[in-house]
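Asker: Just dropping this structure here.
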Amino acid sequence: MGAPTPDSVVTTARVGAILVVTVNNPPVNALGVAVRQGLAAAMAAAQADDAVAGVLLVGAGKAFIAGADIREFGKPAMPPSLPEVCRAIEDCTKPVVAVLHGAALGGGLEVALSAHYRLALPAAKLGLPEVSLGLLPGSGGTQRAPRLMGARAATELMLSGKHLSAKAALAAGLVDKLVEGDDALAAGLAYANELLDQKAPVRRTRDIAIAEPSAALADLEVLKAETAKKTRGLFSPLKIIECVQAAVQLPFDEGMARERALFLECLDSPQRAGLIHAFFAEREVVKVPEAKAAAPRAFATIAIIGGGTMGAGITVSALDAGYPVTMIERDAESIARGRANVEKVYSGLVAKGRMTEEAKAAVMARYTGSTSYDDLANVDLVIEAVFEDLEVKKAVFKELDRVCQPGAVLATNTSYLDIDAIAAATRRPQDVIGLHFFSPANIMKLLEIVVPANVSADVVATAFELAKKLKKVPVRAGVCDGFIGNRILAVYKQAADYLMEDGASPYEIDAAVRGFGFAMGPFQVTDLAGGDIGWATRKRRAAARKPGDPKARYVEVADRICERGWFGQKTGRGFYLYPEGARLGQPDPEVLAIVDAERAKKGVTPRQFTADEIMRRYMAAMANEGANVVHEGIALRPLDVDVTFISGYGFPRYRGGPMKWADMYGLPQLLADIEAFAKEDPLFWKPSPLLIRLVQEGKNFDSLNHSA
Ligand code: 3H9
């Protein structure tokens, strides 16, 4: 297939006195350069042709127009610009009607707002979601939407990035009419003819005055203050408000000029690059070789082994997706507790008024508790979520092997354990896969799909299908200690520990990490998760270390804290103090004394670190281990690491993930940093072979995202 041409992606046909202009640029009719040229040409043709009395804009396929072509951002701009196309539509001296079905988003909605009349079909969804991409509506959306729906409502729509249903859009004033049905062309033609019959005038959105301008300006001041607090660190939300202020205060053309200037600032911002990378990475991440090679197995019933925190969370997730779920526990008491853990989630929703008692009863009717594995004979997919211990899990899989029907998918929810060893406990390793859920499993989006050596492709494809059904973000990972996320976490956590022993306080480190954009720093996360969990892992690692392994530097502060029974929030103190169940911790002088004592014991003279120095080490450790994970094939591509961290580890989405961050920081600089740190601790700071290779070849991590 050649490159799209204006003629191939925008077609025109005259139906009576109406010129039907169809945008046909699959999959979502994005407004790439050919579409913009095609639309401009169509509007010129409509203007020039005396036989044309009106114009109908319609999208072919499943969408009207989903917006600008995001792939063009960051590349040289090609004329005509979208604001120019919108101007041509609005300037037309013959009535222009847009008929909206499916997505009418971003630039797509802006095209519709430039038309003189808008008709929507019930399945239409309208929105100005540019904020999610670090942008603002840059083709008049910030100027035209406030004229149609009021400044406050338009600003809220743009700040939230939400999609409105056709009905809501009608109520808001964004569309003129809503008709039943799904034939956009027929409905559009009927409406356009109706308007022509009525001699409906050309009606330009830009000529509408914004309602109650002084009240609007006061509202915007309030929104500005709220937004500054809520969207900490984000660039485009405040620019959106500035644009609407301009819409209220300035003549239309000046408002448009202001919007253009601020749009270009957003376009140039690294946040735009990070957010658009995240958008595509989340869509690429499901494209894995197994899912391309094999169709998923059908599954209609799910079983969960274990009713603890993870088991109950996964059960809720499966129930929410509409599956019947059988939960297995070892005795009556445990299954009662498991059921209660599930029910608690729904009772919470009922208490908050987000669910009715009837709906809760209907969901719980799909839940069955049992203490007998024999009840799993006909189940299609089993997820084991018992205690994190290899022998315990192997015993469960022996039982599953005994009772489950041939072809049932057997999954283990583990964060660290060797899934090949678990699969080997069965006579059907081809059916065994890892599903690493994150806690709380009914809320957290990330699902690591861990692929052991002998699993068959259709089981991997089934796991991806399950993720889709459970509305999770799946990432394919290979088997190793910690898979993608926890393996990298262990390394940057170590970097944080070294920083602490070398002179930065845990509070300074957490503050620097928050300043970078994470919601929490590593020591806050430890306190939230429970210090005892990491302690158990450290003991397990120490026990597994073979004699003769080089002894890496080990920081004992966390052990000293755990030895005192300070496991974090749940015990009222950890790295921080939590007086009377407070969720936000306070710095603890006793912890600082422990840190000092450990430094003294090791003869470390503490030095000062700026927030920038802290983050250079923290991020270098993260990106370097990310490179190792890609180099070893544990992650398919750098983007899989990025999606893991954005969806499961609180990495600021606007930075695009650790590997995208590294690309933007510059790989030669990253390598130079690591080499400089290695002078102090060559055992810990070893540049990844992949990083070295990419620097030598003058490439970046992103170059590997497109080669698979
Ligand atoms: C904008 O408009 C700026 C203007 O204000 C100013 C300009 C001057 N471009 O999500 P899906 C691809 S900013 C290019 O899996 P769904 C997507 O990558 C834009 N490609 O389907 C995927 O490709 P592949 C404002 C796009 O049914 C395929 O289409 N608009 C674009 O779950 C299917 O996508 C937005 O932010 C695009 N704009 O959801 C809307 N959109 O098959 C962004 C999609 O190769 N888009 N693709 O992986 C969406 O929210 C969803 O894609 C949509 C469909 C709801 C439309």
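Going by the structure tokens order, chains are called A, B, ..., each with residues numbered from 1, while ligands are numbered from 1 in the order shown.
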As a VMD selection string, please: the residues near His436 (chain A) (cut-off 12 Å, only C-alpha atoms, same-chain neighbours under 5 positions excluded).

Answerer: chain A and resid 310 to 311 314 383 to 385 388 411 to 417 419 441 444 to 451 463 467 472 to 479 482 to 486 644 648

Asker: Could you pull the residues within 10 Å of region 76-92 of chain A, counting only C-alpha atoms, minus those fewer than 6 positions along the same chain, as a ChimeraX atom specification?

Answerer: /A:31-44,46-47,54-55,57,68,107-108,110-116,138-141,202-206,256,260

Asker: Between region 416-498 of chain A and region 615-633 of chain A, at 6 Å or less, what are the per-residue closest atom pairs and their distances in Å? Count only C-alpha atoms, order by chain and rising residue number, and return it as a tab-separated table.

Answerer:
residue	atom	partner	partner_atom	distance
A:Ile488	CA	A:Glu625	CA	5.6
A:Tyr492	CA	A:Ala621	CA	5.1
A:Ala495	CA	A:Tyr618	CA	6.0

Asker: Using only C-alpha atoms and all ligand atoms, which residues of the polymer chains come no farther than 6 Å from ligand 1? I'd like the answer as a list in words.

Answerer: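 Result of the 6 Å neighbour search around ligand 1: Pro27, Val28, Ala30, Ala66, Gly67, Ala68, Asp69, Ile70, Arg71, Leu82, Ala103, Leu105, Gly106, Gly107, Pro129, Glu130, Pro137, Gly138, Ser139, Phe280 and Arg283 of chain A.
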
Asker: Which is closer to Leu148 (chain A) than all the others in A:Arg337, A:Lys167, A:His706, A:Arg118, using only C-alpha atoms?

Answerer: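 For Leu148 (chain A), the nearest of the candidates is A:Arg118.
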
Asker: For a test of reading the model, state the distance in Å between CA of Pro652 (chain A) and CA of Lys469 (chain A), rounded to one decimal.

Answerer: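 Going from CA of Pro652 (chain A) over to CA of Lys469 (chain A), I get 25.6 Å.
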
Asker: What separation in Å, quoted to one decimal, exists between CA of Val386 (chain A) and CA of Gly574 (chain A)?

Answerer: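 Distance reported for this atom pair: 26.6 Å.
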
Asker: Tell me, as a PyMOL selection string, which residues lie within 12 Å of Leu264 (chain A), counting only C-alpha atoms; anything in the same chain fewer than 5 positions away does not count.

Answerer: chain A and resi 73-74+77+134-139+236+239+257-259+269+272

Asker: Show which residues sit within 6 Å of Asn454 (chain A), as a list in words. Count only C-alpha atoms, and ignore same-chain residues fewer than 2 positions away.

Answerer: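 Skipping anything fewer than 2 positions along the chain leaves Pro429, Gln430 and Pro452 of chain A.
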
Asker: Using C-alpha atoms, can you export the residues from the last selection as a PDB file, in the first residue's frame?

Answerer:
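Contents of again_13.pdb, as written:
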ATOM      1  CA  PRO A 429       4.205 -27.494  31.424  1.00  0.00           C
ATOM      2  CA  GLN A 430       2.775 -26.288  28.097  1.00  0.00           C
ATOM      3  CA  PRO A 452       8.232 -19.877  31.032  1.00  0.00           C
TER       4      PRO A 452
END

Asker: Taking the chain letters and numbering used in this document, name the residues of region 23-214 of chain A that DSSP puts in alpha helix (DSSP H), as a PyMOL selection string.

Answerer: chain A and resi 33-48+82-91+107-114+141-149+151-160+166-172+184-197+213-214
